[in-house]
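This is run-v8.cif (mmCIF, C-alpha atoms).
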data_entry
loop_
_atom_site.label_atom_id
_atom_site.label_comp_id
_atom_site.auth_asym_id
_atom_site.auth_seq_id
_atom_site.Cartn_x
_atom_site.Cartn_y
_atom_site.Cartn_z
CA MET A 531 17.04 -19.50 25.38
CA TYR A 532 16.64 -16.32 27.34
CA ALA A 533 13.61 -14.89 29.06
CA ARG A 534 12.46 -11.36 28.36
CA GLU A 535 14.04 -8.89 30.75
CA GLU A 536 10.76 -7.33 31.77
CA ALA A 537 9.38 -10.77 32.61
CA ALA A 538 12.18 -11.51 35.08
CA GLY A 539 10.97 -11.38 38.63
CA LYS A 540 7.35 -10.96 37.63
CA MET A 541 4.75 -13.06 39.36
CA PHE A 542 2.53 -14.47 36.63
CA ARG A 543 -1.24 -14.68 36.93
CA ILE A 544 -2.52 -18.13 36.06
CA VAL A 545 -6.01 -19.45 35.43
CA HIS A 546 -6.34 -23.22 35.80
CA TYR A 547 -8.94 -25.50 34.18
CA VAL A 548 -10.20 -28.74 35.73
CA ASN A 549 -13.22 -30.99 35.21
CA GLN A 550 -16.05 -31.67 37.66
CA PHE A 551 -14.21 -34.55 39.31
CA PHE A 552 -10.94 -32.76 39.99
CA GLY A 553 -12.94 -29.66 40.83
CA GLY A 554 -14.47 -31.59 43.71
CA LEU A 555 -18.07 -31.34 42.43
CA GLY A 556 -18.70 -35.03 41.87
CA GLY A 557 -18.14 -37.87 39.44
CA GLU A 558 -19.94 -38.94 36.29
CA ASP A 559 -23.21 -37.85 37.89
CA LYS A 560 -22.00 -34.26 37.64
CA ALA A 561 -20.62 -34.50 34.12
CA GLY A 562 -23.26 -32.06 32.92
CA THR A 563 -22.07 -29.23 35.18
CA THR A 564 -21.93 -25.93 33.34
CA ALA A 565 -18.87 -23.68 33.63
CA GLN A 566 -18.09 -22.66 37.21
CA VAL A 567 -15.41 -20.17 38.18
CA ARG A 568 -13.70 -20.18 41.55
CA GLU A 569 -11.07 -17.80 42.87
CA GLY A 570 -7.74 -19.38 43.66
CA PRO A 571 -6.60 -22.94 43.10
CA VAL A 572 -8.89 -25.99 43.36
CA GLY A 573 -7.88 -29.66 43.63
CA PRO A 574 -4.72 -30.28 41.60
CA GLY A 575 -4.48 -26.49 41.28
CA ARG A 576 -2.97 -26.56 44.73
CA LEU A 577 -0.16 -28.76 43.43
CA LEU A 578 0.18 -26.34 40.56
CA GLN A 579 0.53 -23.44 43.00
CA GLN A 580 3.15 -25.44 44.86
CA ALA A 581 5.07 -26.02 41.65
CA LEU A 582 4.91 -22.36 40.72
CA GLY A 583 6.11 -21.17 44.11
CA ASP A 584 6.52 -17.42 44.04
CA ARG A 585 6.89 -17.34 40.27
CA GLY A 586 3.15 -17.45 39.71
CA GLU A 587 -0.25 -17.29 41.35
CA VAL A 588 -3.26 -19.37 40.44
CA VAL A 589 -5.79 -16.55 40.62
CA ALA A 590 -8.80 -18.54 39.45
CA THR A 591 -10.01 -21.99 38.42
CA VAL A 592 -12.54 -22.76 35.71
CA ILE A 593 -14.47 -26.01 36.27
CA CYS A 594 -16.59 -27.62 33.54
CA GLY A 595 -18.47 -30.92 33.50
CA ASP A 596 -16.97 -33.36 31.00
CA ASP A 597 -20.23 -33.88 29.12
CA TYR A 598 -21.12 -30.20 29.14
CA VAL A 599 -17.84 -29.14 27.58
CA ALA A 600 -17.71 -31.98 25.04
CA GLU A 601 -21.25 -31.35 23.80
CA ASN A 602 -21.62 -27.57 24.15
CA GLU A 603 -18.38 -26.26 22.77
CA THR A 604 -19.70 -22.85 21.74
CA GLU A 605 -21.46 -22.12 25.00
CA ALA A 606 -18.59 -23.43 27.12
CA GLY A 607 -16.16 -21.45 24.99
CA HIS A 608 -18.07 -18.25 25.75
CA ALA A 609 -18.04 -18.94 29.48
CA ILE A 610 -14.30 -19.60 29.38
CA ASP A 611 -13.73 -16.45 27.38
CA GLU A 612 -15.63 -14.42 29.98
CA ALA A 613 -13.55 -15.88 32.78
CA LEU A 614 -10.37 -15.00 30.92
CA GLU A 615 -11.68 -11.47 30.38
CA THR A 616 -12.38 -11.13 34.11
CA PHE A 617 -9.09 -12.52 35.40
CA LYS A 618 -6.72 -11.48 32.58
CA PRO A 619 -4.12 -14.19 33.22
CA ASP A 620 -0.60 -14.31 31.80
CA LEU A 621 -0.87 -18.05 31.39
CA VAL A 622 -3.56 -20.73 31.25
CA VAL A 623 -2.94 -24.25 32.53
CA ALA A 624 -5.46 -26.98 31.76
CA GLY A 625 -5.72 -30.40 33.39
CA PRO A 626 -3.73 -32.66 33.27
CA ALA A 627 -6.38 -34.81 31.61
CA PHE A 628 -4.27 -38.02 31.34
CA ASP A 629 -6.28 -40.36 29.10
CA ALA A 630 -9.75 -38.95 29.83
CA GLY A 631 -11.13 -38.07 26.40
CA ARG A 632 -13.89 -35.61 27.29
CA TYR A 633 -11.68 -33.94 29.90
CA GLY A 634 -8.99 -33.68 27.23
CA LEU A 635 -11.44 -31.96 24.91
CA GLY A 636 -12.30 -29.55 27.72
CA CYS A 637 -8.62 -28.79 28.26
CA ALA A 638 -8.21 -28.30 24.53
CA LEU A 639 -11.09 -25.81 24.45
CA MET A 640 -9.62 -23.92 27.39
CA CYS A 641 -6.22 -23.72 25.68
CA ARG A 642 -7.62 -22.76 22.29
CA THR A 643 -9.82 -20.04 23.78
CA ALA A 644 -6.86 -18.63 25.70
CA GLN A 645 -4.60 -18.72 22.67
CA ALA A 646 -7.20 -16.89 20.61
CA ARG A 647 -6.87 -14.08 23.16
CA GLY A 648 -3.09 -14.12 22.91
CA ILE A 649 -2.70 -15.87 26.25
CA PRO A 650 -0.19 -18.75 26.23
CA ALA A 651 -1.62 -22.05 27.37
CA VAL A 652 -0.25 -25.42 28.40
CA THR A 653 -1.93 -28.71 29.19
CA GLY A 654 -0.95 -32.31 29.93
CA MET A 655 -2.33 -35.51 28.51
CA TYR A 656 -1.64 -39.07 27.51
CA PRO A 657 -0.41 -39.18 23.90
CA ASP A 658 -3.40 -41.29 22.79
CA ASN A 659 -5.97 -38.95 24.36
CA ALA A 660 -8.77 -38.26 21.92
CA ALA A 661 -8.10 -34.53 22.25
CA VAL A 662 -4.56 -35.00 20.96
CA ILE A 663 -5.98 -36.78 17.92
CA THR A 664 -8.32 -33.88 17.18
CA HIS A 665 -6.27 -30.87 18.25
CA ARG A 666 -2.64 -31.92 17.92
CA ARG A 667 -1.46 -28.79 16.15
CA GLU A 668 -3.12 -26.37 18.53
CA LEU A 669 -2.11 -27.84 21.85
CA LEU A 670 1.04 -27.45 23.83
CA ALA A 671 0.80 -30.58 25.96
CA VAL A 672 3.16 -32.30 28.35
CA PRO A 673 2.97 -36.05 27.73
CA THR A 674 1.64 -37.94 30.74
CA GLY A 675 0.80 -41.50 31.66
CA ALA A 676 -2.70 -42.83 31.24
CA ASP A 677 -3.93 -42.22 34.76
CA ALA A 678 -3.66 -39.80 37.62
CA THR A 679 -1.08 -41.73 39.64
CA GLU A 680 1.59 -39.37 38.32
CA MET A 681 -0.36 -36.22 39.00
CA LYS A 682 2.47 -34.45 40.78
CA ALA A 683 5.08 -35.11 38.08
CA ALA A 684 2.66 -34.00 35.38
CA VAL A 685 1.63 -30.81 37.15
CA PHE A 686 5.22 -29.85 37.90
CA ALA A 687 6.24 -30.42 34.27
CA MET A 688 3.29 -28.34 33.08
CA ALA A 689 4.22 -25.54 35.46
CA GLU A 690 7.80 -25.39 34.16
CA LEU A 691 6.76 -25.40 30.53
CA GLY A 692 4.04 -22.85 31.26
CA LEU A 693 6.44 -20.48 33.01
CA LYS A 694 8.76 -20.60 30.00
CA LEU A 695 5.85 -19.64 27.77
CA ALA A 696 4.68 -16.90 30.08
CA GLY A 697 8.20 -15.52 30.15
CA GLY A 698 8.16 -15.21 26.38
CA GLU A 699 10.78 -17.87 25.83
CA GLU A 700 10.76 -19.54 22.47
CA LEU A 701 10.49 -23.28 22.76
CA GLY A 702 12.87 -25.73 21.18
CA PRO A 703 11.84 -28.99 19.55
CA ALA A 704 9.28 -31.20 21.30
CA ALA A 705 11.72 -33.95 22.17
CA GLU A 706 14.07 -31.51 23.88
CA GLU A 707 11.53 -29.45 25.77
CA GLY A 708 9.30 -32.34 26.76
CA TYR A 709 6.01 -31.70 25.04
CA LEU A 710 3.94 -33.67 22.54
CA PRO A 711 5.01 -33.04 18.94
CA ARG A 712 2.55 -30.76 17.20
CA GLY A 713 3.51 -31.39 13.62
CA VAL A 714 5.12 -27.96 13.32
CA ARG A 715 8.41 -27.72 11.44
CA ARG A 716 10.92 -24.93 11.71
CA LEU A 717 14.06 -24.39 9.66
CA VAL A 718 17.28 -24.86 11.62
CA LEU A 719 20.92 -25.30 10.66
CA LYS A 720 22.46 -28.65 11.49
CA ASP A 721 26.14 -29.23 12.14
CA ARG A 722 26.50 -31.76 9.31
CA VAL A 723 24.96 -32.06 5.89
CA GLY A 724 21.89 -34.20 5.28
CA TYR A 725 23.46 -37.09 3.41
CA GLU A 726 26.01 -37.66 6.21
CA ARG A 727 23.23 -37.77 8.81
CA ALA A 728 21.17 -40.05 6.56
CA LEU A 729 24.07 -42.47 6.09
CA ASP A 730 24.60 -42.59 9.84
CA MET A 731 20.95 -43.45 10.28
CA LEU A 732 21.12 -46.12 7.61
CA LEU A 733 24.19 -47.72 9.18
CA ALA A 734 22.48 -47.69 12.58
CA ARG A 735 19.41 -49.36 11.12
CA VAL A 736 21.41 -52.02 9.28
CA GLU A 737 23.46 -52.76 12.39
CA GLY A 738 20.35 -52.92 14.53
CA ARG A 739 21.34 -49.92 16.63
CA ARG A 740 18.77 -47.42 17.88
CA PHE A 741 18.46 -44.14 16.06
CA ALA A 742 16.07 -41.24 16.13
CA SER A 743 14.28 -40.31 12.96
CA GLU A 744 14.55 -36.59 12.35
CA VAL A 745 11.09 -36.45 10.91
CA GLN A 746 8.34 -37.98 13.06
CA VAL A 747 5.49 -39.04 10.91
CA GLN A 748 2.28 -39.15 12.93
CA GLN A 749 -0.73 -40.33 11.11
CA TYR A 750 -3.79 -42.38 11.70
CA GLU A 751 -3.93 -45.20 9.28
CA LYS A 752 -6.17 -44.41 6.32
CA VAL A 753 -8.31 -47.39 5.53
CA PRO A 754 -9.80 -47.56 2.03
CA PRO A 755 -13.59 -47.36 2.44
CA ALA A 756 -15.34 -50.64 1.80
CA PRO A 757 -17.45 -50.70 -1.36
CA THR A 758 -21.17 -50.11 -0.97
CA ILE A 759 -23.70 -52.85 -0.40
CA ASP A 760 -25.77 -53.17 -3.56
CA ASP A 761 -28.79 -54.94 -2.19
CA LEU A 762 -29.41 -54.29 1.48
CA SER A 763 -32.54 -56.44 1.42
CA ARG A 764 -30.38 -59.51 0.87
CA ALA A 765 -27.46 -58.38 3.02
CA LYS A 766 -26.20 -59.99 6.20
CA ILE A 767 -25.42 -57.27 8.73
CA ALA A 768 -23.42 -57.76 11.93
CA ILE A 769 -23.40 -55.61 15.05
CA VAL A 770 -20.18 -54.56 16.78
CA VAL A 771 -20.20 -52.34 19.86
CA SER A 772 -17.55 -50.62 21.94
CA THR A 773 -20.21 -49.57 24.42
CA GLY A 774 -19.38 -52.56 26.59
CA ILE A 775 -22.69 -54.41 26.36
CA VAL A 776 -22.44 -57.83 28.03
CA PRO A 777 -24.88 -60.33 29.56
CA ARG A 778 -25.79 -59.27 33.08
CA GLY A 779 -23.20 -60.48 35.52
CA ASN A 780 -20.45 -60.00 32.95
CA PRO A 781 -19.69 -63.75 32.65
CA ASP A 782 -16.49 -63.19 30.66
CA SER A 783 -15.24 -60.50 33.03
CA MET A 784 -14.91 -57.88 30.32
CA VAL A 785 -12.74 -55.05 31.64
CA SER A 786 -14.08 -51.52 31.94
CA ALA A 787 -11.07 -49.87 30.34
CA PHE A 788 -7.91 -50.61 28.32
CA SER A 789 -9.56 -53.52 26.61
CA LEU A 790 -7.41 -55.91 24.64
CA GLU A 791 -10.14 -58.16 23.31
CA SER A 792 -13.76 -58.48 22.32
CA TYR A 793 -16.36 -61.10 23.17
CA ARG A 794 -19.24 -62.32 21.11
CA TYR A 795 -22.74 -62.95 22.38
CA SER A 796 -25.73 -64.57 20.76
CA ILE A 797 -28.78 -62.53 19.85
CA GLU A 798 -30.43 -65.38 18.01
CA GLY A 799 -34.17 -64.94 18.45
CA VAL A 800 -33.70 -61.82 20.58
CA ASP A 801 -35.73 -58.83 19.36
CA ALA A 802 -34.66 -56.35 22.02
CA LEU A 803 -32.14 -56.32 24.83
CA GLU A 804 -34.00 -56.59 28.12
CA VAL A 805 -32.56 -54.50 30.92
CA ASP A 806 -32.66 -57.54 33.24
CA ASP A 807 -30.52 -59.61 30.91
CA TRP A 808 -27.86 -57.16 29.71
CA GLU A 809 -25.64 -54.40 31.02
CA SER A 810 -22.81 -52.13 30.00
CA VAL A 811 -19.51 -52.40 31.84
CA HIS A 812 -18.00 -49.37 30.12
CA GLY A 813 -15.96 -47.48 32.69
CA GLY A 814 -15.70 -44.19 30.81
CA PHE A 815 -19.18 -42.75 31.11
CA ASN A 816 -22.24 -43.00 33.34
CA THR A 817 -24.01 -46.23 32.31
CA ARG A 818 -27.04 -45.61 34.50
CA ILE A 819 -29.43 -45.08 31.59
CA LEU A 820 -28.25 -48.22 29.83
CA ASN A 821 -28.25 -50.39 32.94
CA ALA A 822 -31.39 -49.19 34.68
CA GLN A 823 -33.55 -48.25 31.68
CA ASN A 824 -32.59 -49.45 28.26
CA PRO A 825 -29.42 -51.14 26.96
CA ASN A 826 -30.73 -50.81 23.40
CA TYR A 827 -29.50 -47.22 23.41
CA ALA A 828 -26.03 -48.74 23.08
CA LEU A 829 -27.00 -51.48 20.62
CA PRO A 830 -30.09 -50.58 18.57
CA LEU A 831 -31.45 -54.09 18.25
CA PRO A 832 -35.20 -53.25 18.11
CA SER A 833 -34.66 -50.90 15.15
CA LEU A 834 -32.52 -53.45 13.32
CA ARG A 835 -35.04 -56.25 13.96
CA ARG A 836 -37.81 -54.06 12.62
CA LEU A 837 -35.87 -53.35 9.45
CA GLU A 838 -35.09 -57.06 9.17
CA ALA A 839 -38.78 -57.97 9.58
CA ASP A 840 -39.78 -55.37 6.98
CA GLY A 841 -37.31 -56.85 4.52
CA GLN A 842 -35.09 -53.75 4.39
CA ILE A 843 -32.13 -55.80 5.68
CA GLY A 844 -31.62 -59.43 4.71
CA ARG A 845 -30.46 -60.86 8.03
CA ILE A 846 -28.84 -59.82 11.24
CA TYR A 847 -25.80 -61.94 12.09
CA PRO A 848 -26.74 -64.06 15.12
CA TYR A 849 -23.79 -62.85 17.24
CA PHE A 850 -22.74 -59.34 18.19
CA PHE A 851 -19.21 -58.42 19.18
CA SER A 852 -18.61 -56.34 22.23
CA THR A 853 -15.69 -54.50 23.70
CA VAL A 854 -15.12 -51.30 25.64
CA GLY A 855 -13.80 -48.22 23.88
CA ASN A 856 -12.34 -46.67 27.01
CA GLY A 857 -8.64 -45.95 26.82
CA THR A 858 -8.29 -48.57 24.09
CA ALA A 859 -4.94 -47.94 22.47
CA VAL A 860 -4.73 -47.92 18.67
CA GLY A 861 -2.69 -51.13 18.43
CA PRO A 862 -5.06 -53.28 20.50
CA ALA A 863 -8.07 -51.69 18.80
CA ARG A 864 -6.70 -52.64 15.40
CA GLU A 865 -6.09 -56.19 16.54
CA ILE A 866 -9.60 -56.49 18.00
CA GLY A 867 -11.04 -55.22 14.73
CA ARG A 868 -8.91 -57.57 12.66
CA ARG A 869 -10.13 -60.63 14.56
CA ILE A 870 -13.76 -59.58 14.29
CA ALA A 871 -13.34 -58.87 10.58
CA GLU A 872 -11.85 -62.33 10.10
CA GLU A 873 -14.90 -64.03 11.56
CA LEU A 874 -17.31 -61.79 9.68
CA THR A 875 -15.51 -62.42 6.39
CA ASP A 876 -15.63 -66.18 6.96
CA ALA A 877 -19.34 -65.91 7.73
CA LYS A 878 -19.87 -63.91 4.53
CA VAL A 879 -21.30 -60.94 6.36
CA ASP A 880 -21.85 -58.00 4.01
CA GLY A 881 -21.71 -55.07 6.38
CA ALA A 882 -21.20 -54.18 10.01
CA LEU A 883 -22.82 -51.54 12.16
CA GLU A 884 -20.71 -50.30 15.03
CA VAL A 885 -21.89 -48.30 18.00
CA ALA A 886 -19.04 -46.33 19.52
CA GLY A 887 -18.57 -45.98 23.24
CA MET B 256 -20.33 -46.46 12.96
CA ILE B 257 -22.75 -44.58 15.16
CA GLY B 258 -21.09 -42.23 17.65
CA ALA B 259 -22.01 -39.27 19.83
CA LEU B 260 -18.63 -37.60 19.27
CA PRO B 261 -18.18 -37.86 15.50
CA ALA B 262 -15.26 -35.40 15.34
CA ILE B 263 -13.02 -37.93 17.04
CA ALA B 264 -14.04 -40.78 14.75
CA LEU B 265 -13.57 -38.66 11.62
CA ALA B 266 -10.14 -37.42 12.76
CA ALA B 267 -9.09 -41.03 13.34
CA ASN B 268 -10.11 -41.83 9.73
CA ALA B 269 -13.33 -43.79 10.29
CA ASN B 270 -14.91 -43.67 6.84
CA ARG B 271 -18.65 -43.83 7.49
CA VAL B 272 -19.72 -42.04 10.67
CA VAL B 273 -23.31 -41.43 11.81
CA ARG B 274 -23.96 -38.82 14.48
CA GLY B 275 -25.42 -40.39 17.63
CA VAL B 276 -27.34 -38.55 20.35
CA LYS B 277 -25.21 -38.59 23.50
CA VAL B 278 -22.35 -40.67 24.87
CA GLN B 279 -24.67 -42.15 27.51
CA HIS B 280 -27.36 -43.04 24.93
CA PRO B 281 -26.08 -42.89 21.36
CA CYS B 282 -29.06 -44.59 19.69
CA GLY B 283 -32.01 -42.73 21.16
CA ASP B 284 -33.13 -40.19 23.72
CA PRO B 285 -34.68 -41.19 27.05
CA ASN B 286 -36.06 -37.65 27.41
CA LEU B 287 -38.42 -38.22 24.48
CA PRO B 288 -41.80 -39.98 24.74
CA ASP B 289 -41.48 -43.68 23.84
CA GLU B 290 -42.79 -43.44 20.30
CA ALA B 291 -40.59 -40.48 19.36
CA ASP B 292 -37.60 -42.23 20.98
CA ARG B 293 -38.16 -45.38 18.91
CA ALA B 294 -38.59 -43.29 15.77
CA LEU B 295 -35.31 -41.51 16.51
CA SER B 296 -33.51 -44.83 16.96
CA LEU B 297 -34.90 -46.00 13.63
CA ARG B 298 -33.71 -42.82 11.88
CA ILE B 299 -30.22 -43.25 13.31
CA VAL B 300 -30.03 -46.86 12.15
CA GLU B 301 -31.44 -45.90 8.76
CA ALA B 302 -28.70 -43.29 8.41
CA ALA B 303 -26.17 -46.05 9.11
CA LEU B 304 -27.70 -48.29 6.45
CA ARG B 305 -27.76 -45.35 4.05
CA ALA B 306 -24.05 -44.94 4.75
CA LEU B 307 -23.43 -48.57 3.83
CA GLN B 308 -25.03 -47.88 0.48
CA THR B 309 -23.20 -44.60 -0.16
CA PRO B 310 -19.82 -44.55 -1.89
CA VAL B 311 -17.32 -42.46 0.07
CA THR B 312 -13.73 -41.49 -0.62
CA GLY B 313 -12.70 -40.80 2.94
CA PRO B 314 -14.09 -39.98 6.38
CA THR B 315 -17.71 -38.89 5.87
CA LEU B 316 -20.35 -37.78 8.37
CA PHE B 317 -23.94 -38.92 7.93
CA GLU B 318 -26.72 -37.14 9.82
CA PRO B 319 -29.91 -39.00 10.72
CA SER B 320 -32.73 -37.52 8.66
CA ASP B 321 -35.61 -35.61 10.22
CA GLN B 322 -38.17 -38.16 9.25
CA VAL B 323 -38.44 -41.91 9.10
CA LYS B 324 -38.13 -43.06 5.51
CA GLU B 325 -40.27 -45.93 4.31
CA GLY B 326 -39.34 -48.24 1.46
CA VAL B 327 -36.29 -46.32 0.27
CA TYR B 328 -33.98 -49.29 -0.08
CA ALA B 329 -33.09 -51.12 -3.26
CA SER B 330 -34.63 -54.52 -3.56
#
Would you write out, as structure tokens, the structure that this file holds?
Amino acid sequence: MYAREEAAGKMFRIVHYVNQFFGGLGGEDKAGTTAQVREGPVGPGRLLQQALGDRGEVVATVICGDDYVAENETEAGHAIDEALETFKPDLVVAGPAFDAGRYGLGCALMCRTAQARGIPAVTGMYPDNAAVITHRRELLAVPTGADATEMKAAVFAMAELGLKLAGGEELGPAAEEGYLPRGVRRLVLKDRVGYERALDMLLARVEGRRFASEVQVQQYEKVPPAPTIDDLSRAKIAIVVSTGIVPRGNPDSMVSAFSLESYRYSIEGVDALEVDDWESVHGGFNTRILNAQNPNYALPLPSLRRLEADGQIGRIYPYFFSTVGNGTAVGPAREIGRRIAEELTDAKVDGALEVAG
Amino acid sequence: MIGALPAIALAANANRVVRGVKVQHPCGDPNLPDEADRALSLRIVEAALRALQTPVTGPTLFEPSDQVKEGVYAS
């Protein structure tokens, strides 16, 4: 496709978005940082500038704390909008966020705010990033790996895609241009009629050859809701957490991310999790409050015990199941859930309460 | 499930979702005085139990109520 004539030779103004970590402000301890604006490139923005060469200039960087942006969308959105008003970029580049969920949401907000102003925006993230789940249709994202080891490749790919957008080029299909499918369909003419292409696909499938489906169906499995519990006062309720609660010392060496399994721990006779006896090994957020003050924030045992003692719940299952919901891919998560459900079904548990982390 | 970022859970088709407080402390608030913090935790858990007793047809968000309910459950 061709670029617009008036865009040829123009040096595009770019505003880049990064989180507190890549912005050099700190780690999880600075996740509450409100929107900061710096002139010029910061952190990976320097790689971005390198990728752009003389085709573009990173005139400013917006930095937001991961918690701040995930929990204060309206306020953060206003701050971003103001920055865009000040710097009037031709293109916005956000991230790459890889598999970081809150960072991904921040990138998504940056892109959506830019697009609402008519400014093209591009980001980069791992296909399973939570932000892709929530904002698939609105994001133009380069697919990346799960972590920042491929930062350079990701940034360079984002720069190329971004420059095409800034130049007014129309993008081809996701698979050709190298971005995550958005679920948008456009009418095009194919060289052969549908039934011929379908028969080719069928033959390939029957013969065990690879083929590419023309229509990519992306959906999250819909699970029929379980029926209600009629009599809670006689019900057996189990606790499942993905907040990574384990006995202190992590005896089973639960991993802090990309979990493939869950572990079960006894809470028989335990009314509250004591901070000396339990901890969270979740690697995706600051566990200071859980580990220095009160692990029950991630597993509300005292409240459940009170309801059990009052007769509102029949019984709490004597084991809870624990895993870490940090970068857990859908397949492994399903398998973890299936195994837990198997045990709970055998134990005739009526309902489960999960705390997400 | 109780979660501080319910939009994600609902988009991924979790059927009964209760809004938690924050990622770092979903089931309470360390900034509150102890009694109010415990009451908040109880309201969040009660919302979850309410969800278990509520028929739903798809992803549904449940908000913890403003006040602790006493004796609401069927016996």
*Would you be able to write out as number ranges by chain which residues have an atom within 12 Å of (-24.4, -40.7, 21.7) in the file's coordinates, counting all atoms listed in the file?*
A: 597, 600-601, 773, 815, 817, 819-820, 827-830, 885-887; B: 256-261, 273-285, 296, 299
To verify the selection step, state as a PDB file with C-alpha atoms, in the coordinates of the input which residues the PyMOL selection byres ((chain A and resi 851-861) around 6) yields on this input.
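What landed in result-v4.pdb:
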ATOM      1  CA  VAL A 770     -20.180 -54.560  16.780  1.00  0.00           C
ATOM      2  CA  VAL A 771     -20.200 -52.340  19.860  1.00  0.00           C
ATOM      3  CA  SER A 772     -17.550 -50.620  21.940  1.00  0.00           C
ATOM      4  CA  THR A 773     -20.210 -49.570  24.420  1.00  0.00           C
ATOM      5  CA  GLY A 774     -19.380 -52.560  26.590  1.00  0.00           C
ATOM      6  CA  ALA A 787     -11.070 -49.870  30.340  1.00  0.00           C
ATOM      7  CA  PHE A 788      -7.910 -50.610  28.320  1.00  0.00           C
ATOM      8  CA  SER A 789      -9.560 -53.520  26.610  1.00  0.00           C
ATOM      9  CA  SER A 792     -13.760 -58.480  22.320  1.00  0.00           C
ATOM     10  CA  TYR A 793     -16.360 -61.100  23.170  1.00  0.00           C
ATOM     11  CA  ARG A 794     -19.240 -62.320  21.110  1.00  0.00           C
ATOM     12  CA  HIS A 812     -18.000 -49.370  30.120  1.00  0.00           C
ATOM     13  CA  GLY A 814     -15.700 -44.190  30.810  1.00  0.00           C
ATOM     14  CA  PHE A 850     -22.740 -59.340  18.190  1.00  0.00           C
ATOM     15  CA  PRO A 862      -5.060 -53.280  20.500  1.00  0.00           C
ATOM     16  CA  ALA A 863      -8.070 -51.690  18.800  1.00  0.00           C
ATOM     17  CA  ARG A 864      -6.700 -52.640  15.400  1.00  0.00           C
ATOM     18  CA  GLY A 887     -18.570 -45.980  23.240  1.00  0.00           C
TER      19      GLY A 887
END
Tell me, counting only C-alpha atoms, for each residue of chain A within 8 Å of chain B, which pair of atoms is nearest and how far apart they are in Å to one decimal, in rows ordered by chain and increasing number, as a Markdown table.
| residue | atom | partner | partner_atom | distance |
| --- | --- | --- | --- | --- |
| A:Ala660 | CA | B:Ile263 | CA | 6.5 |
| A:Ala661 | CA | B:Ile263 | CA | 7.9 |
| A:Ile663 | CA | B:Ala266 | CA | 6.7 |
| A:Thr664 | CA | B:Ala266 | CA | 5.9 |
| A:Tyr750 | CA | B:Ala267 | CA | 5.7 |
| A:Glu751 | CA | B:Asn268 | CA | 7.1 |
| A:Lys752 | CA | B:Asn268 | CA | 5.8 |
| A:Val753 | CA | B:Asn268 | CA | 7.2 |
| A:Pro754 | CA | B:Gly313 | CA | 7.4 |
| A:Pro755 | CA | B:Asn270 | CA | 5.9 |
| A:Pro757 | CA | B:Pro310 | CA | 6.6 |
| A:Thr758 | CA | B:Gln308 | CA | 4.7 |
| A:Ile759 | CA | B:Gln308 | CA | 5.2 |
| A:Asp760 | CA | B:Gln308 | CA | 6.7 |
| A:Asp761 | CA | B:Ala329 | CA | 5.9 |
| A:Leu762 | CA | B:Ala329 | CA | 6.8 |
| A:Ser763 | CA | B:Ser330 | CA | 5.7 |
| A:Arg764 | CA | B:Ser330 | CA | 7.9 |
| A:Phe815 | CA | B:Gln279 | CA | 6.6 |
| A:Asn816 | CA | B:Gln279 | CA | 6.4 |
| A:Thr817 | CA | B:Gln279 | CA | 6.3 |
| A:Ile819 | CA | B:Gln279 | CA | 6.9 |
| A:Leu820 | CA | B:His280 | CA | 7.2 |
| A:Asn826 | CA | B:Cys282 | CA | 7.4 |
| A:Tyr827 | CA | B:Cys282 | CA | 4.6 |
| A:Ala828 | CA | B:Pro281 | CA | 6.1 |
| A:Leu829 | CA | B:Cys282 | CA | 7.3 |
| A:Pro830 | CA | B:Cys282 | CA | 6.2 |
| A:Ser833 | CA | B:Leu297 | CA | 5.1 |
| A:Leu834 | CA | B:Val300 | CA | 7.1 |
| A:Gln842 | CA | B:Tyr328 | CA | 6.4 |
| A:Gly881 | CA | B:Leu307 | CA | 7.2 |
| A:Leu883 | CA | B:Met256 | CA | 5.7 |
| A:Glu884 | CA | B:Met256 | CA | 4.4 |
| A:Val885 | CA | B:Ile257 | CA | 4.8 |
| A:Ala886 | CA | B:Gly258 | CA | 5.0 |
| A:Gly887 | CA | B:Val278 | CA | 6.7 |
*Kindly resolve the PyMOL selection byres ((chain A and resi 605-608) around 8) on the present coordinates and return the residues as a PyMOL selection string.*
chain A and resi 564-565+594+598-599+602-604+609-612+639-640+643
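Rounded to one decimal, atom CA of Phe317 of chain B and atom CA of Ile843 of chain A lie 18.9 Å from each other.
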_Gap from atom CA of Val785 of chain A to atom CA of Asp880 of chain A - Å, one decimal_ =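 One can read the atom CA of Val785 of chain A to atom CA of Asp880 of chain A distance as 29.2 Å.
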_Shell around Arg716 of chain A at 12 Å using only C-alpha atoms, local window under 4 positions removed, as a PyMOL selection string_ = chain A and resi 701-704+712+745
_Computed interatomic separation between atom CA of Gln823 of chain A and atom CA of Ala802 of chain A (Å)_ = 12.7 Å
Report as a short mmCIF file (atom, residue, chain, number, x, y, z; two decimals) with C-alpha atoms, in the frame of the given file the full result of the PyMOL selection byres ((chain A and resi 642) around 10) when it is applied to this structure.
data_model
loop_
_atom_site.label_atom_id
_atom_site.label_comp_id
_atom_site.auth_asym_id
_atom_site.auth_seq_id
_atom_site.Cartn_x
_atom_site.Cartn_y
_atom_site.Cartn_z
CA GLY A 607 -16.16 -21.45 24.99
CA GLY A 636 -12.30 -29.55 27.72
CA CYS A 637 -8.62 -28.79 28.26
CA ALA A 638 -8.21 -28.30 24.53
CA LEU A 639 -11.09 -25.81 24.45
CA MET A 640 -9.62 -23.92 27.39
CA CYS A 641 -6.22 -23.72 25.68
CA THR A 643 -9.82 -20.04 23.78
CA ALA A 644 -6.86 -18.63 25.70
CA GLN A 645 -4.60 -18.72 22.67
CA ALA A 646 -7.20 -16.89 20.61
CA ARG A 647 -6.87 -14.08 23.16
CA GLY A 648 -3.09 -14.12 22.91
CA ILE A 649 -2.70 -15.87 26.25
CA PRO A 650 -0.19 -18.75 26.23
CA ALA A 651 -1.62 -22.05 27.37
CA VAL A 652 -0.25 -25.42 28.40
CA HIS A 665 -6.27 -30.87 18.25
CA GLU A 668 -3.12 -26.37 18.53
CA LEU A 669 -2.11 -27.84 21.85
CA LEU A 670 1.04 -27.45 23.83
#
